[in-house]
$ cat run.txt   # compact mmCIF, C-alpha atoms
# COMPACT_ATOMS: atom_id res chain seq x y z
CA MET A 12 73.90 111.45 110.39
CA PRO A 13 71.24 108.87 109.54
CA GLU A 14 72.53 105.62 108.11
CA THR A 15 71.29 106.22 104.60
CA GLY A 16 73.36 106.25 101.46
CA PRO A 17 73.76 108.70 98.59
CA THR A 18 70.64 109.85 96.78
CA PRO A 19 70.16 109.47 93.01
CA ALA A 20 70.97 113.18 92.75
CA ASP A 21 74.25 112.63 94.62
CA TRP A 22 75.27 109.84 92.24
CA ALA A 23 74.32 111.92 89.22
CA ALA A 24 76.33 114.91 90.46
CA ALA A 25 79.39 112.75 91.15
CA GLU A 26 79.18 111.05 87.76
CA ALA A 27 78.86 114.43 86.05
CA LEU A 28 82.07 115.67 87.73
CA ILE A 29 83.93 112.71 86.26
CA ARG A 30 82.39 112.69 82.80
CA GLU A 31 82.62 116.47 82.31
CA LEU A 32 86.32 116.76 83.05
CA PRO A 33 88.09 118.62 80.23
CA PRO A 34 90.69 116.57 78.28
CA ASP A 35 93.55 118.33 80.06
CA GLY A 36 91.80 118.55 83.44
CA ARG A 37 93.98 118.04 86.52
CA VAL A 38 92.64 115.61 89.11
CA LEU A 39 94.02 115.36 92.62
CA LEU A 40 93.14 112.30 94.69
CA ILE A 41 93.60 112.64 98.47
CA CYS A 42 93.17 110.10 101.25
CA HIS A 43 93.50 110.61 104.97
CA VAL A 44 96.65 111.01 107.05
CA ASN A 45 98.37 107.75 108.09
CA PRO A 46 96.53 105.90 105.32
CA ASP A 47 95.23 102.39 105.91
CA GLY A 48 94.27 99.73 103.38
CA ASP A 49 90.87 101.18 102.59
CA ALA A 50 92.18 104.72 102.15
CA LEU A 51 95.04 103.73 99.84
CA GLY A 52 93.21 100.92 98.08
CA SER A 53 90.14 103.01 97.33
CA MET A 54 92.19 105.97 96.12
CA LEU A 55 94.60 104.01 93.92
CA GLY A 56 91.93 101.70 92.53
CA PHE A 57 89.78 104.68 91.59
CA GLY A 58 92.81 106.40 90.05
CA LEU A 59 93.48 103.37 87.87
CA GLY A 60 89.83 103.49 86.84
CA LEU A 61 90.14 107.16 85.86
CA ARG A 62 93.14 106.22 83.72
CA ARG A 63 90.91 103.81 81.83
CA LEU A 64 88.57 106.73 81.19
CA GLY A 65 91.45 108.64 79.63
CA VAL A 66 92.36 111.00 82.49
CA ARG A 67 96.00 111.89 81.84
CA ARG A 68 96.84 114.58 84.39
CA MET A 69 96.29 112.98 87.76
CA GLN A 70 98.06 112.77 91.11
CA ALA A 71 97.35 110.83 94.29
CA THR A 72 98.64 111.91 97.68
CA PHE A 73 98.06 112.03 101.43
CA PRO A 74 99.13 114.42 104.20
CA GLY A 75 102.26 113.88 106.25
CA PRO A 76 105.43 111.98 105.37
CA PRO A 77 105.17 110.36 101.91
CA GLU A 78 105.74 106.85 103.24
CA VAL A 79 103.53 103.97 102.17
CA PRO A 80 103.19 101.30 104.91
CA GLU A 81 105.07 98.13 104.00
CA PRO A 82 101.96 95.90 103.65
CA PHE A 83 100.67 98.16 100.86
CA ARG A 84 103.88 98.66 98.88
CA GLY A 85 102.83 96.05 96.35
CA LEU A 86 99.60 97.82 95.39
CA PRO A 87 99.05 98.66 91.73
CA GLY A 88 98.87 102.37 90.98
CA LEU A 89 101.63 103.48 93.35
CA ASP A 90 103.16 105.43 90.46
CA LEU A 91 100.28 107.89 90.89
CA LEU A 92 101.55 108.93 94.32
CA VAL A 93 103.36 112.23 94.89
CA PRO A 94 104.42 113.88 98.17
CA ALA A 95 101.91 116.37 99.56
CA THR A 96 104.42 119.14 98.86
CA GLU A 97 104.26 118.37 95.13
CA ALA A 98 100.48 118.03 94.79
CA TYR A 99 98.63 120.28 92.35
CA PRO A 100 97.93 123.58 94.18
CA ASP A 101 94.72 124.28 92.21
CA PRO A 102 93.38 121.12 90.57
CA ASP A 103 90.26 121.13 88.45
CA LEU A 104 88.82 118.34 90.60
CA VAL A 105 89.83 117.05 94.01
CA ILE A 106 88.48 113.70 95.20
CA CYS A 107 88.80 112.74 98.87
CA PHE A 108 88.74 109.12 100.05
CA ASP A 109 87.90 107.63 103.45
CA ALA A 110 88.22 110.94 105.32
CA ALA A 111 85.38 111.67 107.74
CA SER A 112 86.35 115.31 108.29
CA GLU A 113 88.54 118.07 106.92
CA SER A 114 91.00 117.59 109.76
CA ARG A 115 91.98 114.19 108.31
CA LEU A 116 93.37 115.96 105.22
CA GLY A 117 96.10 117.78 107.15
CA GLU A 118 98.07 120.29 105.12
CA LEU A 119 96.11 119.36 101.98
CA VAL A 120 92.82 120.73 103.33
CA ASP A 121 93.26 123.99 101.40
CA ARG A 122 92.71 122.11 98.11
CA LEU A 123 89.02 122.03 98.99
CA ASP A 124 89.03 125.80 98.43
CA THR A 125 91.46 126.03 95.51
CA ALA A 126 90.02 123.17 93.44
CA GLY A 127 87.41 123.78 90.78
CA ALA A 128 85.20 121.11 92.38
CA ALA A 129 85.43 118.69 95.32
CA LEU A 130 84.02 115.17 95.59
CA VAL A 131 84.02 113.16 98.83
CA LEU A 132 83.83 109.35 98.87
CA ASP A 133 83.44 107.86 102.34
CA HIS A 134 81.58 105.36 104.52
CA HIS A 135 81.90 106.87 108.00
CA ALA A 136 78.63 107.72 109.73
CA SER A 137 80.44 110.60 111.44
CA ASN A 138 81.33 112.27 108.11
CA THR A 139 80.90 116.03 108.49
CA ARG A 140 79.81 116.56 104.87
CA PHE A 141 82.75 118.78 104.02
CA GLY A 142 83.52 119.54 100.37
CA GLY A 143 81.04 119.92 97.54
CA VAL A 144 79.53 116.67 96.24
CA HIS A 145 79.20 113.80 98.71
CA LEU A 146 79.01 110.05 98.20
CA VAL A 147 78.87 109.01 101.84
CA ASP A 148 77.34 105.62 102.61
CA PRO A 149 77.54 104.50 106.26
CA ARG A 150 76.02 101.17 105.24
CA ALA A 151 79.02 100.38 103.02
CA ALA A 152 81.63 98.06 104.52
CA ALA A 153 84.45 100.16 103.05
CA THR A 154 85.00 103.29 101.00
CA SER A 155 86.11 100.98 98.19
CA VAL A 156 82.48 99.83 97.89
CA VAL A 157 81.44 103.40 97.05
CA ALA A 158 84.42 103.87 94.72
CA GLU A 159 83.64 100.67 92.80
CA GLN A 160 80.01 101.71 92.38
CA LEU A 161 80.99 105.09 90.96
CA LEU A 162 83.43 103.52 88.49
CA ALA A 163 80.71 101.10 87.38
CA ARG A 164 78.29 104.01 86.83
CA CYS A 165 80.97 105.67 84.70
CA GLY A 166 81.29 102.53 82.58
CA VAL A 167 84.73 101.45 83.83
CA PRO A 168 85.09 97.64 83.93
CA LEU A 169 87.16 95.98 86.63
CA ASP A 170 90.63 94.78 85.72
CA ALA A 171 93.19 93.01 87.90
CA GLY A 172 94.92 96.22 89.00
CA ILE A 173 91.74 97.98 90.08
CA ALA A 174 90.47 94.77 91.67
CA GLU A 175 93.58 94.19 93.75
CA CYS A 176 93.38 97.72 95.18
CA PHE A 177 89.70 97.36 96.02
CA TYR A 178 90.19 93.86 97.43
CA VAL A 179 92.88 95.09 99.84
CA ALA A 180 90.56 97.92 100.85
CA LEU A 181 87.62 95.59 101.37
CA THR A 182 89.50 92.92 103.32
CA THR A 183 91.24 95.37 105.64
CA ASP A 184 88.05 97.21 106.61
CA THR A 185 86.05 94.01 107.12
CA GLY A 186 88.80 92.27 109.10
CA SER A 187 89.14 89.64 106.38
CA PHE A 188 85.33 89.35 106.25
CA ARG A 189 85.01 88.78 110.02
CA PHE A 190 83.20 91.99 111.02
CA ASP A 191 79.44 92.60 111.10
CA ALA A 192 79.70 94.86 108.04
CA THR A 193 80.32 91.71 105.97
CA THR A 194 77.00 91.50 104.13
CA PRO A 195 76.00 89.32 101.17
CA GLU A 196 76.76 92.33 98.97
CA VAL A 197 80.32 92.41 100.34
CA HIS A 198 80.88 88.80 99.29
CA GLN A 199 79.31 89.51 95.91
CA LEU A 200 81.76 92.36 95.37
CA ALA A 201 84.63 90.17 96.52
CA ALA A 202 83.56 87.54 93.99
CA ARG A 203 83.62 90.11 91.17
CA LEU A 204 87.07 91.26 92.24
CA LEU A 205 88.41 87.71 92.44
CA ALA A 206 86.97 86.95 89.00
CA THR A 207 89.61 89.28 87.49
CA GLY A 208 92.29 86.75 88.44
CA ILE A 209 93.84 88.35 91.50
CA ARG A 210 95.41 85.96 94.04
CA PRO A 211 93.77 86.32 97.47
CA GLY A 212 96.25 84.08 99.29
CA GLU A 213 99.23 86.07 98.13
CA ILE A 214 97.51 89.38 98.89
CA SER A 215 96.48 88.25 102.38
CA ARG A 216 99.97 87.02 103.26
CA ARG A 217 101.44 90.34 102.21
CA VAL A 218 98.84 92.50 103.96
CA PHE A 219 97.96 90.51 107.11
CA ASP A 220 100.49 87.79 107.77
CA THR A 221 103.90 89.38 107.29
CA ARG A 222 105.71 91.61 109.76
CA PRO A 223 109.34 92.13 110.81
CA PHE A 224 110.69 90.21 113.79
CA GLY A 225 111.24 93.54 115.52
CA ALA A 226 107.51 94.18 115.28
CA VAL A 227 106.80 90.78 116.83
CA ARG A 228 109.04 91.69 119.78
CA LEU A 229 107.42 95.14 120.00
CA PHE A 230 103.93 93.62 120.08
CA GLY A 231 104.96 91.29 122.90
CA GLU A 232 106.22 94.21 124.98
CA VAL A 233 103.19 96.41 124.38
CA LEU A 234 100.71 93.59 124.99
CA GLY A 235 102.55 92.76 128.19
CA ARG A 236 101.60 96.16 129.64
CA ALA A 237 97.92 95.94 128.70
CA ARG A 238 95.43 96.87 131.43
CA LEU A 239 91.99 95.37 132.01
CA GLU A 240 89.25 97.40 133.71
CA PRO A 241 86.24 95.08 134.14
CA ALA A 242 84.04 97.75 135.77
CA ALA A 243 84.39 100.26 132.91
CA ALA A 244 81.55 100.82 130.43
CA ALA A 245 78.93 99.96 133.06
CA GLY A 246 80.55 96.61 133.67
CA ARG A 247 81.09 95.67 130.03
CA GLY A 248 84.82 96.10 130.48
CA LEU A 249 87.69 98.07 128.93
CA VAL A 250 91.13 96.77 127.91
CA TRP A 251 93.82 99.17 126.80
CA THR A 252 97.52 99.54 126.17
CA TRP A 253 99.93 102.06 124.73
CA ALA A 254 103.03 102.24 122.53
CA THR A 255 105.52 105.11 122.64
CA LEU A 256 107.93 106.58 120.16
CA ASP A 257 110.72 105.15 122.33
CA ASP A 258 109.18 101.69 121.90
CA LEU A 259 109.32 102.07 118.14
CA ALA A 260 112.89 103.34 118.20
CA ARG A 261 114.07 100.59 120.55
CA HIS A 262 112.77 97.91 118.20
CA ASP A 263 113.73 99.86 115.04
CA GLN A 264 110.15 99.87 113.73
CA ARG A 265 108.03 102.30 111.77
CA ALA A 266 104.74 103.57 113.16
CA TYR A 267 102.59 101.68 110.64
CA VAL A 268 103.33 98.32 112.29
CA LEU A 269 101.16 99.38 115.24
CA GLU A 270 98.00 99.52 113.12
CA ALA A 271 97.51 95.77 113.54
CA LEU A 272 97.98 95.87 117.32
CA ILE A 273 94.31 96.58 118.07
CA ASP A 274 93.37 93.15 116.67
CA SER A 275 95.49 91.44 119.33
CA VAL A 276 93.95 93.56 122.10
CA ARG A 277 90.30 93.36 121.04
CA CYS A 278 90.15 89.57 121.49
CA THR A 279 90.14 90.00 125.31
CA ALA A 280 87.11 88.04 126.52
CA GLU A 281 86.47 90.19 129.59
CA ALA A 282 86.16 93.52 127.75
CA ASP A 283 83.66 94.87 125.25
CA VAL A 284 85.80 97.93 124.50
CA SER A 285 89.44 97.79 123.47
CA CYS A 286 91.76 100.72 123.00
CA VAL A 287 95.33 101.26 121.77
CA LEU A 288 97.19 104.54 122.18
CA LYS A 289 99.99 105.09 119.66
CA GLN A 290 102.26 108.03 120.43
CA THR A 291 102.79 110.37 117.49
CA ALA A 292 104.59 113.21 119.30
CA PRO A 293 105.36 114.15 122.90
CA GLY A 294 101.99 114.32 124.66
CA GLU A 295 100.05 113.30 121.53
CA TRP A 296 98.47 109.94 120.69
CA ALA A 297 96.61 108.36 117.80
CA VAL A 298 93.85 106.44 119.58
CA SER A 299 92.14 103.38 118.07
CA MET A 300 88.99 101.97 119.70
CA ARG A 301 86.92 98.88 119.04
CA SER A 302 83.65 97.56 120.49
CA LYS A 303 82.11 94.09 120.41
CA GLY A 304 78.60 95.50 120.40
CA ALA A 305 77.68 97.01 123.76
CA VAL A 306 79.24 100.46 123.23
CA ASP A 307 79.04 102.89 120.31
CA VAL A 308 82.70 103.93 120.23
CA SER A 309 82.01 106.47 117.47
CA ARG A 310 80.09 108.52 120.06
CA VAL A 311 83.13 108.41 122.32
CA ALA A 312 85.43 109.40 119.46
CA VAL A 313 83.21 112.26 118.28
CA ALA A 314 82.96 113.61 121.82
CA LEU A 315 86.75 113.64 121.96
CA GLY A 316 87.27 115.26 118.56
CA GLY A 317 87.43 112.22 116.28
CA GLY A 318 85.03 109.94 114.44
CA GLY A 319 84.42 106.54 112.94
CA HIS A 320 81.87 103.74 113.13
CA ARG A 321 79.83 102.29 115.99
CA PHE A 322 82.27 99.45 116.52
CA ALA A 323 85.52 101.00 115.23
CA ALA A 324 86.56 104.60 115.79
CA GLY A 325 89.45 106.82 116.75
CA PHE A 326 90.65 110.28 117.69
CA THR A 327 93.79 112.25 118.56
CA GLY A 328 94.41 112.34 122.31
CA ARG A 329 96.62 114.81 124.15
CA GLY A 330 98.32 114.57 127.52
CA ALA A 331 99.66 111.55 129.38
CA ALA A 332 98.33 108.14 128.35
CA GLU A 333 96.42 107.80 131.65
CA GLU A 334 94.75 111.17 131.05
CA VAL A 335 93.62 110.15 127.58
CA VAL A 336 92.19 106.88 128.88
CA ALA A 337 90.45 108.75 131.70
CA ALA A 338 88.70 110.89 129.07
CA ILE A 339 87.61 107.74 127.24
CA ARG A 340 86.43 106.11 130.46
CA GLY A 341 84.34 109.17 131.23
CA GLN A 342 82.44 108.81 127.93
CA LEU A 343 81.80 105.07 127.90
CA ASP A 344 78.68 104.96 130.08
CA THR A 345 76.93 107.53 127.89
CA ALA A 346 77.77 105.58 124.74
CA LEU A 347 76.06 102.32 125.67
CA ILE A 348 73.91 100.95 122.85
CA PRO A 349 70.30 100.66 124.15
CA THR A 350 69.73 97.14 122.86
CA ALA A 351 72.87 96.05 124.70
CA VAL A 352 71.78 97.59 128.03
CA GLY A 353 70.29 95.32 130.66
$ encode --input "run.txt" --output "structure tokens"
Amino acid sequence: MPETGPTPADWAAAEALIRELPPDGRVLLICHVNPDGDALGSMLGFGLGLRRLGVRRMQATFPGPPEVPEPFRGLPGLDLLVPATEAYPDPDLVICFDAASESRLGELVDRLDTAGAALVLDHHASNTRFGGVHLVDPRAAATSVVAEQLLARCGVPLDAGIAECFYVALTTDTGSFRFDATTPEVHQLAARLLATGIRPGEISRRVFDTRPFGAVRLFGEVLGRARLEPAAAAGRGLVWTWATLDDLARHDQRAYVLEALIDSVRCTAEADVSCVLKQTAPGEWAVSMRSKGAVDVSRVAVALGGGGHRFAAGFTGRGAAEEVVAAIRGQLDTALIPTAVG
């Protein structure tokens, strides 16, 4: 998909879906499986905004076990959450957040058919344009950027609750404003969010700088088995490691603690591409990939059934860890970014 944002007609259609909701309309907000900060923050922040518009019958949910990762358990709007099993079966409007494809909605995908209307808010270039009305902007640093713009168009002012949700979303997807997606507009949005009185130091400690001691020990073990392949990606280098369900059980940790592991792997100087395999079931892995600029990892992910951005992407791998990495290795040379070749 070309890296262009929503058209004026797209914005108008999305705004109409919100403004034309009947007084007793049921709204179901859905984010992707294994939700991260952008998925949860965008969804809950937007839900709080809809409350300010007077929407009374509203639920927020995500597929899989109804467990919010510890770093996000202080987010405003958590009272909106219900387990997937209790979500409206036929809402008047379903709004999807940060999901690049239908497969990321898991058992909730049928709501796209049973809902009166479907709206998709996302920023992944690999978005498949599922659903009805799309606000997909690959230029946006996070889905929260799109969500904030739609609330503004609907006349909803920022308050501290909405701002905290969007700030968590924005900081997690920009790596605390370290990634290339951090544009002047990102800092301008951050300034508007901070102007509501939220406390960035407290939020950052909770989201980025707090983890159980068991997770620290787990990280040490998993990083200790990391493998470096300097010749991979046409000599740009690949570093990868893996974490199993047994690893989690041995250290008494939940799967969400592994989401931060890629940041410790990607700093390897000798590799452009970094990869972490996180076992989700026997023979099944959630794969996270990052690139420093020489490889378009979204092309690798799409080829292997996933999606994402040029420098951050993922997919579900099946088989032994070595087999999954072999499949990645086989795609790297074809995913070199032309300006980085030579």
$ atom_distance --input "run.txt" --atom1 "atom CA of A:Leu123" --atom2 "atom CA of A:Gln160"
23.2 Å
$ residues_around --input "run.txt" --residues "A:Phe73" --least-positions-apart "5" --cutoff "8 Å" --atoms "all atoms listed in the file" --output "list in words"
Ile41, Cys42, His43, Val44, Asn45, Pro46, Pro94, Ala95, Leu116 and Leu119 of chain A
$ residues_around --input "run.txt" --residues "A:Arg228" --least-positions-apart "5" --cutoff "12 Å" --atoms "all atoms listed in the file" --output "MDAnalysis selection string"
chainID A and resid 222:223 233:235 258:259 261:264 268:269
$ closest_residue --input "run.txt" --among "A:Ala346, A:Ala98, A:Ala24, A:Leu162" --to "A:Ala312" --atoms "only C-alpha atoms"
A:Ala346
$ residues_around --input "run.txt" --residues "A:Ala20" --least-positions-apart "6" --cutoff "12 Å" --atoms "only C-alpha atoms" --output "ChimeraX atom specification"
/A:26-27,144-146
$ write_last_selection --input "run.txt" --atoms "C-alpha atoms" --output "PDB file, keeping the file's coordinate frame"
ATOM      1  CA  GLU A  26      79.180 111.050  87.760  1.00  0.00           C
ATOM      2  CA  ALA A  27      78.860 114.430  86.050  1.00  0.00           C
ATOM      3  CA  VAL A 144      79.530 116.670  96.240  1.00  0.00           C
ATOM      4  CA  HIS A 145      79.200 113.800  98.710  1.00  0.00           C
ATOM      5  CA  LEU A 146      79.010 110.050  98.200  1.00  0.00           C
TER       6      LEU A 146
END
$ atom_distance --input "run.txt" --atom1 "atom CA of A:Gly48" --atom2 "atom CA of A:Val227"
20.4 Å
$ closest_residue --input "run.txt" --among "A:Val311, A:Ala244, A:Leu39, A:Ala174" --to "A:Ala206" --atoms "all atoms listed in the file"
A:Ala174
$ residues_around --input "run.txt" --residues "A:Gly56" --least-positions-apart "2" --cutoff "7 Å" --atoms "only C-alpha atoms" --output "VMD selection string"
chain A and resid 52 to 54 58 to 60 173 176 to 177
$ closest_atom_pairs --input "run.txt" --of "stretch 214-307 of chain A" --to "stretch 178-190 of chain A" --cutoff "12 Å" --atoms "all atoms listed in the file" --output "CSV"
residue,atom,partner,partner_atom,distance
A:Ile214,CA,A:Val179,CA,7.4
A:Ser215,CA,A:Val179,CA,8.1
A:Arg216,CA,A:Val179,CA,11.3
A:Arg217,CA,A:Val179,CA,10.1
A:Val218,CA,A:Val179,CA,7.7
A:Phe219,CA,A:Thr183,CA,8.4
A:Asp220,CA,A:Ser187,CA,11.6
A:Glu270,CA,A:Thr183,CA,10.9
A:Ala271,CA,A:Thr183,CA,10.1
A:Ile273,CA,A:Gly186,CA,11.4
A:Asp274,CA,A:Gly186,CA,8.9
A:Arg301,CA,A:Phe190,CA,11.2
A:Ser302,CA,A:Phe190,CA,11.0
A:Lys303,CA,A:Phe190,CA,9.7
A:Gly304,CA,A:Phe190,CA,11.0
$ atom_distance --input "run.txt" --atom1 "atom CA of A:Ala23" --atom2 "atom CA of A:Asp47"
28.4 Å
$ axis_aligned_box --input "run.txt" --around "stretch 311-314 of chain A" --padding-each-side "3 Å" --output "AutoDock Vina command-line options"
--center_x 84.2 --center_y 111.0 --center_z 120.3 --size_x 8.5 --size_y 11.2 --size_z 10.0
$ residues_near_point --input "run.txt" --point "(96.0, 111.8, 125.6)" --cutoff "9 Å" --atoms "all atoms listed in the file" --output "ChimeraX atom specification"
/A:288,290,294-298,327-338
$ write_last_selection --input "run.txt" --atoms "C-alpha atoms" --output "compact mmCIF listing (two decimals), in the coordinates of the input"
# COMPACT_ATOMS: atom_id res chain seq x y z
CA LEU A 288 97.19 104.54 122.18
CA GLN A 290 102.26 108.03 120.43
CA GLY A 294 101.99 114.32 124.66
CA GLU A 295 100.05 113.30 121.53
CA TRP A 296 98.47 109.94 120.69
CA ALA A 297 96.61 108.36 117.80
CA VAL A 298 93.85 106.44 119.58
CA THR A 327 93.79 112.25 118.56
CA GLY A 328 94.41 112.34 122.31
CA ARG A 329 96.62 114.81 124.15
CA GLY A 330 98.32 114.57 127.52
CA ALA A 331 99.66 111.55 129.38
CA ALA A 332 98.33 108.14 128.35
CA GLU A 333 96.42 107.80 131.65
CA GLU A 334 94.75 111.17 131.05
CA VAL A 335 93.62 110.15 127.58
CA VAL A 336 92.19 106.88 128.88
CA ALA A 337 90.45 108.75 131.70
CA ALA A 338 88.70 110.89 129.07
$ closest_residue --input "run.txt" --among "A:Gly319, A:Gly65, A:Gly248, A:Pro77" --to "A:His135" --atoms "all atoms listed in the file"
A:Gly319
$ closest_residue --input "run.txt" --among "A:Ala245, A:Leu272, A:Ala324, A:Ala254" --to "A:Ala305" --atoms "all atoms listed in the file"
A:Ala245
$ residues_around --input "run.txt" --residues "A:Leu132" --least-positions-apart "3" --cutoff "7 Å" --atoms "all atoms listed in the file" --output "list in words"
Cys107, Phe108, Asp109, His145, Leu146, Val147, Thr154, Val157 and Ala158 of chain A
$ closest_residue --input "run.txt" --among "A:Ala136, A:Val105, A:Ala151, A:Ala25" --to "A:Val120" --atoms "only C-alpha atoms"
A:Val105
$ closest_residue --input "run.txt" --among "A:Ala323, A:Glu118, A:Ala126, A:Arg310" --to "A:Arg277" --atoms "all atoms listed in the file"
A:Ala323
$ residues_near_point --input "run.txt" --point "(98.8, 108.5, 94.2)" --cutoff "7 Å" --atoms "only C-alpha atoms" --output "VMD selection string"
chain A and resid 40 55 70 to 72 88 to 93
$ build_atoms --input "run.txt" --residues "stretch 184-203 of chain A" --atoms "N, CA and C atoms" --output "tab-separated table (two decimals), in the coordinates of the input"
chain	number	residue	atom	x	y	z
A	184	ASP	N	89.11	96.57	105.83
A	184	ASP	CA	88.05	97.21	106.61
A	184	ASP	C	86.99	96.24	107.11
A	185	THR	N	86.98	95.01	106.60
A	185	THR	CA	86.05	94.01	107.12
A	185	THR	C	86.76	93.00	108.01
A	186	GLY	N	88.05	93.23	108.29
A	186	GLY	CA	88.80	92.27	109.10
A	186	GLY	C	88.84	90.91	108.45
A	187	SER	N	89.16	90.89	107.16
A	187	SER	CA	89.14	89.64	106.38
A	187	SER	C	87.76	88.98	106.45
A	188	PHE	N	86.73	89.81	106.31
A	188	PHE	CA	85.33	89.35	106.25
A	188	PHE	C	84.84	88.78	107.58
A	189	ARG	N	85.42	89.26	108.69
A	189	ARG	CA	85.01	88.78	110.02
A	189	ARG	C	84.06	89.73	110.72
A	190	PHE	N	83.99	91.00	110.30
A	190	PHE	CA	83.20	91.99	111.02
A	190	PHE	C	81.75	91.97	110.57
A	191	ASP	N	80.88	92.61	111.38
A	191	ASP	CA	79.44	92.60	111.10
A	191	ASP	C	79.08	93.30	109.80
A	192	ALA	N	79.97	94.17	109.30
A	192	ALA	CA	79.70	94.86	108.04
A	192	ALA	C	79.79	93.93	106.83
A	193	THR	N	80.17	92.68	107.06
A	193	THR	CA	80.32	91.71	105.97
A	193	THR	C	78.94	91.18	105.58
A	194	THR	N	78.34	91.83	104.62
A	194	THR	CA	77.00	91.50	104.13
A	194	THR	C	77.10	90.59	102.90
A	195	PRO	N	75.97	90.05	102.45
A	195	PRO	CA	76.00	89.32	101.17
A	195	PRO	C	76.56	90.16	100.03
A	196	GLU	N	76.25	91.45	100.03
A	196	GLU	CA	76.76	92.33	98.97
A	196	GLU	C	78.27	92.43	99.01
A	197	VAL	N	78.86	92.38	100.21
A	197	VAL	CA	80.32	92.41	100.34
A	197	VAL	C	80.93	91.18	99.66
A	198	HIS	N	80.35	90.01	99.91
A	198	HIS	CA	80.88	88.80	99.29
A	198	HIS	C	80.65	88.81	97.78
A	199	GLN	N	79.55	89.40	97.34
A	199	GLN	CA	79.31	89.51	95.91
A	199	GLN	C	80.36	90.39	95.24
A	200	LEU	N	80.70	91.51	95.90
A	200	LEU	CA	81.76	92.36	95.37
A	200	LEU	C	83.09	91.63	95.38
A	201	ALA	N	83.39	90.93	96.47
A	201	ALA	CA	84.63	90.17	96.52
A	201	ALA	C	84.71	89.16	95.39
A	202	ALA	N	83.59	88.52	95.09
A	202	ALA	CA	83.56	87.54	93.99
A	202	ALA	C	83.88	88.21	92.66
A	203	ARG	N	83.32	89.41	92.43
A	203	ARG	CA	83.62	90.11	91.17
A	203	ARG	C	85.09	90.50	91.10
